[in-house]
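**Student:** Take a look at query26.txt, compact mmCIF, C-alpha atoms:
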```
# COMPACT_ATOMS: atom_id res chain seq x y z
CA MET A 502 84.65 12.53 27.68
CA GLN A 503 86.74 14.95 29.75
CA LEU A 504 86.99 15.11 33.53
CA GLU A 505 88.06 18.02 35.72
CA LEU A 506 88.29 18.35 39.50
CA ILE A 507 87.12 21.65 40.95
CA ASP A 508 87.96 22.53 44.55
CA ASN A 509 87.37 26.32 44.67
CA VAL A 510 91.11 26.82 45.11
CA SER A 511 92.76 26.52 41.72
CA ARG A 512 89.39 27.22 40.12
CA THR A 513 86.01 28.11 41.58
CA LEU A 514 82.85 26.27 40.68
CA LEU A 515 81.26 29.59 39.77
CA THR A 516 83.69 30.10 36.88
CA ALA A 517 82.63 26.74 35.48
CA ILE A 518 78.89 27.14 36.00
CA LEU A 519 78.39 30.68 34.67
CA PRO A 520 79.35 30.08 31.03
CA ALA A 521 77.65 26.68 31.01
CA VAL A 522 74.34 28.14 32.22
CA GLU A 523 74.59 31.11 29.85
CA LYS A 524 74.90 28.84 26.82
CA ALA A 525 72.61 26.04 27.99
CA GLU A 526 69.53 25.02 26.06
CA ASP A 527 68.48 22.99 29.07
CA ALA A 528 69.75 23.42 32.65
CA ARG A 529 68.70 21.12 35.49
CA ILE A 530 69.98 21.71 39.01
CA ALA A 531 69.28 19.47 42.00
CA VAL A 532 70.77 20.70 45.28
CA ALA A 533 70.09 20.21 48.96
CA PHE A 534 70.45 23.85 50.02
CA VAL A 535 70.18 27.21 48.27
CA SER A 536 71.06 30.70 49.50
CA ARG A 537 69.96 34.04 48.07
CA GLY A 538 73.60 34.94 47.57
CA GLY A 539 74.16 31.76 45.58
CA VAL A 540 71.21 32.51 43.29
CA ASP A 541 72.39 36.11 42.87
CA LEU A 542 75.80 34.87 41.70
CA ILE A 543 74.29 32.93 38.79
CA ASP A 544 71.44 35.38 38.16
CA PRO A 545 73.02 36.98 35.05
CA ALA A 546 73.60 33.57 33.50
CA LEU A 547 70.03 32.46 34.27
CA GLN A 548 68.71 35.64 32.68
CA GLN A 549 70.68 34.98 29.51
CA CYS A 550 69.62 31.34 29.30
CA LEU A 551 65.94 32.06 29.85
CA GLY A 552 66.07 35.11 27.59
CA ARG A 553 67.15 32.81 24.74
CA ASN A 554 64.20 30.49 25.45
CA GLY A 555 66.39 28.00 27.26
CA SER A 556 64.78 25.91 29.98
CA VAL A 557 65.89 25.92 33.62
CA GLU A 558 64.68 23.61 36.36
CA PHE A 559 65.56 23.53 40.07
CA LEU A 560 65.02 20.67 42.52
CA VAL A 561 65.59 22.30 45.89
CA GLY A 562 65.78 20.71 49.34
CA LEU A 563 64.14 22.28 52.38
CA ASP A 564 65.26 19.74 55.00
CA PHE A 565 66.26 21.30 58.34
CA SER A 566 64.89 24.65 57.03
CA THR A 567 68.39 25.47 55.80
CA THR A 568 67.51 26.83 52.37
CA GLU A 569 66.95 30.58 52.61
CA PRO A 570 63.40 31.78 51.88
CA GLN A 571 64.82 34.74 49.90
CA ALA A 572 66.43 32.25 47.53
CA LEU A 573 63.14 30.43 47.00
CA TRP A 574 61.30 33.68 46.35
CA LYS A 575 63.92 34.66 43.77
CA LEU A 576 63.61 31.32 41.97
CA TYR A 577 59.83 31.52 42.21
CA GLU A 578 59.94 34.93 40.49
CA PHE A 579 61.78 33.29 37.59
CA THR A 580 59.00 30.69 37.27
CA GLN A 581 56.39 33.45 37.15
CA ARG A 582 58.30 35.47 34.57
CA TYR A 583 59.39 32.63 32.27
CA ALA A 584 57.28 29.65 31.18
CA SER A 585 60.47 27.62 30.73
CA ALA A 586 61.59 28.08 34.36
CA LYS A 587 60.47 25.51 36.93
CA MET A 588 61.12 24.95 40.63
CA TYR A 589 60.19 21.96 42.77
CA CYS A 590 60.87 21.52 46.47
CA HIS A 591 61.57 18.49 48.63
CA VAL A 592 60.34 18.61 52.22
CA ASP A 593 60.46 16.02 54.98
CA LEU A 594 59.50 17.29 58.41
CA GLY A 595 60.07 13.94 60.09
CA PRO A 596 63.16 11.84 60.86
CA SER A 597 63.87 10.28 57.50
CA VAL A 598 66.51 10.09 54.80
CA VAL A 599 67.98 13.52 54.13
CA TYR A 600 67.69 14.98 50.63
CA HIS A 601 71.35 15.84 49.99
CA PRO A 602 72.33 15.88 46.27
CA LYS A 603 74.47 18.42 44.46
CA LEU A 604 73.96 17.81 40.76
CA TYR A 605 74.17 20.29 37.88
CA VAL A 606 73.24 19.09 34.36
CA LEU A 607 73.72 21.60 31.54
CA LYS A 608 73.11 20.74 27.89
CA GLU A 609 74.12 22.78 24.86
CA GLY A 610 73.73 21.25 21.42
CA GLU A 611 75.62 17.97 21.27
CA GLU A 612 77.54 18.55 24.49
CA ALA A 613 76.57 18.11 28.13
CA ILE A 614 78.35 19.48 31.16
CA ILE A 615 77.66 17.57 34.36
CA ILE A 616 78.89 18.69 37.76
CA VAL A 617 78.50 16.44 40.77
CA GLY A 618 80.18 16.78 44.14
CA SER A 619 79.87 18.65 47.41
CA SER A 620 78.79 22.16 46.37
CA ASN A 621 75.33 23.46 47.15
CA LEU A 622 73.98 26.51 45.34
CA THR A 623 75.36 28.93 47.93
CA GLU A 624 78.11 31.55 47.94
CA GLY A 625 80.31 29.18 49.90
CA GLY A 626 79.62 26.23 47.61
CA LEU A 627 80.28 28.25 44.47
CA GLU A 628 83.31 30.25 45.60
CA ARG A 629 84.49 30.25 49.21
CA ASN A 630 84.36 26.76 50.67
CA LEU A 631 86.90 24.03 50.11
CA GLU A 632 84.87 21.65 47.96
CA VAL A 633 85.38 18.61 45.77
CA ASN A 634 83.40 18.51 42.53
CA VAL A 635 83.86 16.56 39.33
CA LEU A 636 83.03 18.30 36.06
CA ILE A 637 82.22 15.90 33.23
CA ARG A 638 82.19 17.21 29.69
CA ALA A 639 80.71 14.64 27.33
CA SER A 640 78.81 14.11 24.12
CA VAL A 641 75.07 13.81 24.67
CA ARG A 642 75.33 10.40 22.98
CA GLU A 643 77.57 8.98 25.70
CA GLU A 644 75.96 6.60 28.14
CA ILE A 645 77.13 8.52 31.20
CA VAL A 646 74.90 11.43 30.13
CA SER A 647 71.91 9.11 29.80
CA ASP A 648 72.59 7.67 33.27
CA VAL A 649 72.85 11.13 34.84
CA TYR A 650 69.47 12.16 33.44
CA ALA A 651 68.00 8.94 34.85
CA VAL A 652 69.37 9.81 38.29
CA TYR A 653 67.98 13.33 37.97
CA ASN A 654 64.54 11.84 37.27
CA GLU A 655 64.81 9.74 40.42
CA LEU A 656 65.35 12.95 42.37
CA LYS A 657 62.58 14.83 40.59
CA PHE A 658 59.85 12.26 41.08
CA ILE A 659 60.39 11.17 44.67
CA PRO A 660 57.08 11.19 46.63
CA LYS A 661 57.82 14.28 48.75
CA ARG A 662 58.55 16.53 45.77
CA VAL A 663 56.08 19.42 45.38
CA GLU A 664 55.51 22.45 43.17
CA PRO A 665 55.42 25.48 45.53
CA ASP A 666 53.02 28.38 45.38
CA ARG A 667 52.99 31.73 47.20
CA GLU A 668 51.15 30.46 50.26
CA PHE A 669 53.63 27.61 50.64
CA LEU A 670 56.58 30.01 50.40
CA GLU A 671 54.99 32.34 52.93
CA LEU A 672 54.53 29.47 55.39
CA TYR A 673 58.09 28.26 54.82
CA THR A 674 59.37 31.79 55.43
CA GLN A 675 57.53 31.90 58.77
CA LEU A 676 58.79 28.44 59.70
CA TYR A 677 62.36 29.37 58.78
CA GLU A 678 62.25 32.56 60.85
CA SER A 679 60.60 30.79 63.78
CA GLN A 680 63.27 28.11 63.88
CA ARG A 681 66.00 30.73 63.64
CA ARG A 682 64.57 32.55 66.67
CA GLY A 683 64.16 29.32 68.59
CA ARG A 684 62.42 30.78 71.64
CA ARG A 685 60.77 28.38 74.06
CA GLY A 686 57.71 30.58 74.37
CA GLU A 687 57.08 30.13 70.68
CA ALA A 688 56.96 26.33 70.83
CA ARG A 689 53.15 26.26 70.62
CA THR A 690 53.15 28.72 67.73
CA GLY A 691 55.83 26.66 66.02
CA SER A 692 53.76 23.50 66.37
CA SER A 693 50.72 25.22 64.89
CA LEU A 694 52.83 26.60 62.08
CA LYS A 695 54.25 23.16 61.28
CA SER A 696 50.74 21.75 61.12
CA ALA A 697 49.67 24.47 58.69
CA PHE A 698 52.80 23.90 56.66
CA GLN A 699 52.20 20.15 56.54
CA GLU A 700 48.58 20.66 55.51
CA LYS A 701 49.66 22.93 52.68
CA LEU A 702 52.39 20.51 51.70
CA ASN A 703 49.86 17.70 51.32
CA ALA A 704 47.66 19.88 49.09
CA LEU A 705 50.35 20.91 46.60
CA ARG A 706 50.75 19.44 43.14
CA ARG A 707 53.46 16.87 42.48
CA PRO A 708 55.43 16.89 39.24
CA THR A 709 54.09 14.40 36.72
CA PRO A 710 56.49 12.59 34.35
CA THR A 711 56.14 13.40 30.67
CA GLN A 712 58.12 12.41 27.60
CA ARG A 713 60.08 15.67 27.95
CA ASP A 714 61.64 14.24 31.12
CA LEU A 715 63.01 11.25 29.24
CA TYR A 716 66.52 11.32 27.87
CA GLY A 717 69.02 8.83 26.48
CA TRP A 718 68.13 5.25 27.25
CA GLN A 719 64.79 6.11 28.83
CA LYS A 720 63.66 8.05 25.77
CA LEU A 721 65.05 5.43 23.41
CA VAL A 722 63.24 2.51 25.03
CA PHE A 723 60.00 4.41 25.67
CA GLU A 724 59.66 5.47 22.02
CA ARG A 725 59.91 1.83 20.93
CA LEU A 726 57.35 0.43 23.34
CA PRO A 727 54.40 -1.23 21.61
CA HIS A 728 50.92 -0.08 22.56
CA GLY A 729 49.05 -2.22 25.04
CA GLU A 730 50.52 -5.28 26.70
CA PHE A 731 53.97 -6.58 25.74
CA LYS A 732 56.68 -8.91 27.00
CA THR A 733 60.22 -8.03 28.00
CA SER A 734 61.47 -10.21 25.15
CA ASP A 735 59.54 -8.07 22.64
CA MET A 736 62.04 -5.28 23.30
CA TYR A 737 65.00 -7.46 22.38
CA GLN A 738 64.12 -7.06 18.69
CA PHE A 739 65.76 -3.62 18.98
CA GLU A 740 68.99 -5.01 20.42
CA ASP A 741 71.08 -4.34 17.31
CA GLU A 742 69.78 -0.77 17.07
CA PHE A 743 70.53 -0.13 20.74
CA ARG A 744 74.03 -1.55 20.32
CA ARG A 745 74.74 0.78 17.41
CA LEU A 746 73.74 3.75 19.56
CA TYR A 747 75.64 2.57 22.65
CA PRO A 748 78.47 0.41 21.29
CA ASP A 749 80.38 0.32 24.59
CA ASN A 750 77.51 -1.32 26.43
CA GLN A 751 78.13 -5.07 26.58
CA HIS A 752 74.90 -5.87 28.42
CA ILE A 753 72.13 -4.49 26.22
CA ARG A 754 69.37 -6.81 27.41
CA ALA A 755 70.14 -6.14 31.06
CA LYS A 756 70.06 -2.41 30.32
CA VAL A 757 66.67 -2.74 28.63
CA ARG A 758 65.29 -4.53 31.69
CA GLN A 759 66.72 -1.82 33.96
CA VAL A 760 65.14 0.95 31.88
CA LEU A 761 61.76 -0.80 31.86
CA GLN A 762 61.90 -0.79 35.66
CA GLN A 763 62.79 2.91 35.63
CA LEU A 764 59.84 3.69 33.36
CA ARG A 765 57.61 1.69 35.70
CA ASP A 766 58.86 3.69 38.68
CA LEU A 767 58.10 6.89 36.77
CA GLY A 768 54.54 5.66 36.25
CA LEU A 769 54.79 5.59 32.46
CA ILE A 770 54.28 1.83 32.15
CA GLU A 771 52.69 -0.82 34.34
CA HIS A 772 54.11 -4.19 35.37
CA PRO A 773 51.13 -6.48 36.02
CA ALA A 774 53.06 -9.77 35.89
CA ARG A 775 56.54 -11.18 35.52
CA ASN A 776 58.06 -10.16 32.15
CA THR A 777 54.78 -8.46 31.25
CA TRP A 778 54.34 -4.71 30.78
CA VAL A 779 51.63 -2.31 29.68
CA LYS A 780 52.30 1.12 28.21
CA ARG A 781 49.94 3.69 29.65
CA ALA A 782 47.89 5.65 27.14
```
Just give me the structure as structure tokens.

**Tutor:**
Amino acid sequence: MQLELIDNVSRTLLTAILPAVEKAEDARIAVAFVSRGGVDLIDPALQQCLGRNGSVEFLVGLDFSTTEPQALWKLYEFTQRYASAKMYCHVDLGPSVVYHPKLYVLKEGEEAIIIVGSSNLTEGGLERNLEVNVLIRASVREEIVSDVYAVYNELKFIPKRVEPDREFLELYTQLYESQRRGRRGEARTGSSLKSAFQEKLNALRRPTPTQRDLYGWQKLVFERLPHGEFKTSDMYQFEDEFRRLYPDNQHIRAKVRQVLQQLRDLGLIEHPARNTWVKRA
């Protein structure tokens, strides 16, 4: 595993992301805010990745109406043009926990490049701002890669995550422009617009976990689950196999219990009683 700090001074994040996206078989990006300029900067790399049948997925935050509508429309166009391009949005109109991650996960063959830090997918985050990001280059077999994909799944399947459509993007565009104008006389219109936006938000589809979302430990444990009801201890029969795959992990049984809880949270298994699980059909 190799680590590199990127601060946009000695090296910009853009110079690290472009070649990684171009070569990626699978690119997953979870960021709080996106600008049209930020998307335009990585557009050539996205085109190359998707043109080679690579998959690209964005988890975008819309809190505070900071993400630019033009950026969403550009990403939405990718999803309409390529079956392997996906975009999901997180929206919370009330006072709650802010969706604020900056996570880039790029996989090519047996290597993964993970970038986590302070940079959103904006021109400033990629080039201009003083930022602090850690780039991790690791084998896909390393446990850190498995853990990062598990965190990504937590972000993807939170309750307020939705799959946008054109009507949703049109309403968000109106809401964004209304809040930028901020005129008092438009308060009633803004309230009506928020209600329409919330109604649409409630009607949109949520992403549903599939086996494709599983990676590393989650995939490993899920593929060895027996059908029907089973006990936690039933999974310990694979302890030697798990240890061969992750030799640095000194707490295999604890890891298995953790992953079972993750699979439960994803809705792939049920937990009807203590130490008892049921794999969904």

**Student:** Please produce, as CSV, a per-residue contact table for region 636-744 of chain A versus region 554-569 of chain A (criterion: any atom at most 9 Å away, only C-alpha atoms considered), showing the nearest atom pair and its distance in Å to one decimal, sorted by chain then residue number.

**Tutor:**
```
residue,atom,partner,partner_atom,distance
A:Leu656,CA,A:Leu560,CA,7.7
A:Lys657,CA,A:Leu560,CA,6.6
A:Arg662,CA,A:Leu560,CA,8.3
A:Tyr673,CA,A:Ser566,CA,8.0
A:Thr674,CA,A:Glu569,CA,8.2
A:Leu676,CA,A:Ser566,CA,7.7
A:Tyr677,CA,A:Ser566,CA,5.6
A:Gln680,CA,A:Ser566,CA,7.8
```

**Student:** Considering all atoms listed in the file, can you say which of A:Glu611, A:Glu523, A:Glu678, A:Asp735 comes closest to Arg642 (chain A)?

**Tutor:** A:Glu611

**Student:** Considering all atoms listed in the file, state which residue in the set A:Val599, A:Ile615, A:Ala586, A:Leu622 is at the smallest distance from Leu542 (chain A).

**Tutor:** A:Leu622

**Student:** Excluding same-chain residues fewer than 3 positions from Phe579 (chain A), what lies within 12 Å of it counting only C-alpha atoms, as an MDAnalysis selection string?

**Tutor:** chainID A and resid 540 544 547:548 550:552 556:559 572:576 582:588

**Student:** My list of candidates is A:Tyr600, A:Asn630, A:Leu769, A:Val779. Which is closest to Ile507 (chain A) when distances are computed with only C-alpha atoms?

**Tutor:**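 Ranked by minimum distance to Ile507 (chain A), first place goes to A:Asn630.
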
**Student:** What gap, in Å, lies between CA of Arg629 (chain A) and CA of Val598 (chain A)?

**Tutor:**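 Taking CA of Arg629 (chain A) as the start and CA of Val598 (chain A) as the end point, the length is 27.6 Å.
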
**Student:** With distances taken over all atoms listed in the file, which of A:Pro727, A:Leu764, A:Val757, A:Arg553 is nearest to Glu740 (chain A)?

**Tutor:**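 The answer is A:Val757, which sits nearest to Glu740 (chain A).
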
**Student:** Around (71.4, 22.1, 27.0) in the file's own coordinates, what residues are found within 6 Å if you use all atoms listed in the file, given back as an MDAnalysis selection string?

**Tutor:** chainID A and resid 525:527 607:609

**Student:** Measuring between only C-alpha atoms, which one of A:His601, A:Lys756, A:Lys661, A:Arg512 shows the shortest distance to Pro708 (chain A)?

**Tutor:**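 Of all the options, A:Lys661 lies closest to Pro708 (chain A).
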
**Student:** Rank nothing, just name the residue among A:Leu715, A:Lys732, A:Ser693, A:Cys590 nearest to Glu664 (chain A), using only C-alpha atoms.

**Tutor:**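 Using only C-alpha atoms, Glu664 (chain A) sits closest to A:Cys590.
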
**Student:** Would it be fine to have region 536-579 of chain A, with N, CA and C atoms, given as a tab-separated table (two decimals), in the first residue's frame?

**Tutor:**
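Just written: selection_12.tsv:
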```tsv
chain	number	residue	atom	x	y	z
A	536	SER	N	-19.84	21.06	-8.90
A	536	SER	CA	-20.04	22.21	-9.78
A	536	SER	C	-19.92	21.76	-11.23
A	537	ARG	N	-20.53	22.53	-12.13
A	537	ARG	CA	-20.44	22.20	-13.56
A	537	ARG	C	-18.98	22.25	-14.01
A	538	GLY	N	-18.24	23.25	-13.50
A	538	GLY	CA	-16.84	23.34	-13.86
A	538	GLY	C	-16.05	22.13	-13.41
A	539	GLY	N	-16.38	21.59	-12.24
A	539	GLY	CA	-15.69	20.40	-11.75
A	539	GLY	C	-15.96	19.19	-12.63
A	540	VAL	N	-17.23	19.02	-13.04
A	540	VAL	CA	-17.58	17.90	-13.93
A	540	VAL	C	-16.89	18.08	-15.28
A	541	ASP	N	-16.85	19.32	-15.78
A	541	ASP	CA	-16.20	19.57	-17.08
A	541	ASP	C	-14.72	19.19	-17.04
A	542	LEU	N	-14.07	19.40	-15.90
A	542	LEU	CA	-12.64	19.09	-15.80
A	542	LEU	C	-12.37	17.59	-15.95
A	543	ILE	N	-13.28	16.76	-15.46
A	543	ILE	CA	-13.04	15.31	-15.57
A	543	ILE	C	-13.85	14.69	-16.70
A	544	ASP	N	-14.55	15.52	-17.47
A	544	ASP	CA	-15.39	15.01	-18.56
A	544	ASP	C	-14.63	14.12	-19.54
A	545	PRO	N	-13.44	14.52	-20.02
A	545	PRO	CA	-12.73	13.64	-20.97
A	545	PRO	C	-12.41	12.27	-20.38
A	546	ALA	N	-12.05	12.25	-19.10
A	546	ALA	CA	-11.73	10.98	-18.46
A	546	ALA	C	-12.99	10.12	-18.30
A	547	LEU	N	-14.11	10.74	-17.95
A	547	LEU	CA	-15.37	10.00	-17.85
A	547	LEU	C	-15.76	9.41	-19.18
A	548	GLN	N	-15.58	10.19	-20.25
A	548	GLN	CA	-15.91	9.70	-21.59
A	548	GLN	C	-15.08	8.48	-21.94
A	549	GLN	N	-13.80	8.52	-21.61
A	549	GLN	CA	-12.94	7.38	-21.93
A	549	GLN	C	-13.33	6.15	-21.12
A	550	CYS	N	-13.59	6.35	-19.84
A	550	CYS	CA	-13.96	5.22	-18.98
A	550	CYS	C	-15.26	4.58	-19.47
A	551	LEU	N	-16.27	5.38	-19.68
A	551	LEU	CA	-17.57	4.85	-20.11
A	551	LEU	C	-17.51	4.29	-21.52
A	552	GLY	N	-16.67	4.90	-22.36
A	552	GLY	CA	-16.52	4.40	-23.73
A	552	GLY	C	-15.89	3.02	-23.78
A	553	ARG	N	-15.15	2.65	-22.75
A	553	ARG	CA	-14.54	1.31	-22.65
A	553	ARG	C	-15.42	0.35	-21.85
A	554	ASN	N	-16.68	0.74	-21.64
A	554	ASN	CA	-17.62	-0.07	-20.87
A	554	ASN	C	-17.28	-0.13	-19.39
A	555	GLY	N	-16.52	0.86	-18.92
A	555	GLY	CA	-16.33	0.99	-17.48
A	555	GLY	C	-17.60	1.50	-16.83
A	556	SER	N	-17.71	1.31	-15.53
A	556	SER	CA	-18.89	1.79	-14.81
A	556	SER	C	-18.51	2.99	-13.94
A	557	VAL	N	-19.41	3.96	-13.88
A	557	VAL	CA	-19.19	5.18	-13.10
A	557	VAL	C	-20.45	5.46	-12.28
A	558	GLU	N	-20.25	5.76	-11.01
A	558	GLU	CA	-21.39	6.04	-10.14
A	558	GLU	C	-21.09	7.26	-9.28
A	559	PHE	N	-22.08	8.15	-9.17
A	559	PHE	CA	-21.94	9.37	-8.37
A	559	PHE	C	-22.98	9.37	-7.25
A	560	LEU	N	-22.54	9.67	-6.04
A	560	LEU	CA	-23.42	9.94	-4.91
A	560	LEU	C	-23.25	11.41	-4.57
A	561	VAL	N	-24.22	12.22	-4.93
A	561	VAL	CA	-24.08	13.67	-4.86
A	561	VAL	C	-24.96	14.23	-3.74
A	562	GLY	N	-24.45	15.20	-3.00
A	562	GLY	CA	-25.22	15.88	-1.98
A	562	GLY	C	-25.87	17.14	-2.51
A	563	LEU	N	-27.10	17.40	-2.05
A	563	LEU	CA	-27.80	18.62	-2.44
A	563	LEU	C	-28.13	19.50	-1.23
A	564	ASP	N	-27.56	19.20	-0.07
A	564	ASP	CA	-27.81	19.99	1.12
A	564	ASP	C	-27.43	21.45	0.88
A	565	PHE	N	-28.24	22.35	1.42
A	565	PHE	CA	-28.04	23.80	1.30
A	565	PHE	C	-28.16	24.29	-0.14
A	566	SER	N	-28.63	23.44	-1.06
A	566	SER	CA	-28.74	23.81	-2.48
A	566	SER	C	-27.43	24.40	-2.99
A	567	THR	N	-26.32	23.77	-2.63
A	567	THR	CA	-25.00	24.25	-3.04
A	567	THR	C	-24.55	23.63	-4.36
A	568	THR	N	-24.88	22.38	-4.57
A	568	THR	CA	-24.52	21.73	-5.84
A	568	THR	C	-25.21	22.44	-7.00
A	569	GLU	N	-24.47	22.73	-8.05
A	569	GLU	CA	-25.01	23.47	-9.19
A	569	GLU	C	-25.92	22.59	-10.04
A	570	PRO	N	-27.10	23.08	-10.39
A	570	PRO	CA	-28.00	22.29	-11.24
A	570	PRO	C	-27.35	21.88	-12.56
A	571	GLN	N	-26.51	22.77	-13.14
A	571	GLN	CA	-25.87	22.44	-14.42
A	571	GLN	C	-25.00	21.20	-14.29
A	572	ALA	N	-24.40	21.02	-13.11
A	572	ALA	CA	-23.57	19.83	-12.87
A	572	ALA	C	-24.45	18.58	-12.84
A	573	LEU	N	-25.60	18.67	-12.18
A	573	LEU	CA	-26.51	17.53	-12.11
A	573	LEU	C	-27.04	17.15	-13.49
A	574	TRP	N	-27.38	18.18	-14.28
A	574	TRP	CA	-27.87	17.90	-15.63
A	574	TRP	C	-26.80	17.22	-16.47
A	575	LYS	N	-25.55	17.63	-16.30
A	575	LYS	CA	-24.45	17.01	-17.06
A	575	LYS	C	-24.28	15.54	-16.65
A	576	LEU	N	-24.32	15.27	-15.35
A	576	LEU	CA	-24.20	13.89	-14.89
A	576	LEU	C	-25.41	13.07	-15.31
A	577	TYR	N	-26.58	13.70	-15.28
A	577	TYR	CA	-27.79	13.00	-15.70
A	577	TYR	C	-27.70	12.61	-17.17
A	578	GLU	N	-27.13	13.48	-18.00
A	578	GLU	CA	-26.95	13.16	-19.42
A	578	GLU	C	-26.08	11.92	-19.59
A	579	PHE	N	-25.06	11.77	-18.75
A	579	PHE	CA	-24.23	10.56	-18.81
A	579	PHE	C	-25.08	9.32	-18.52
```
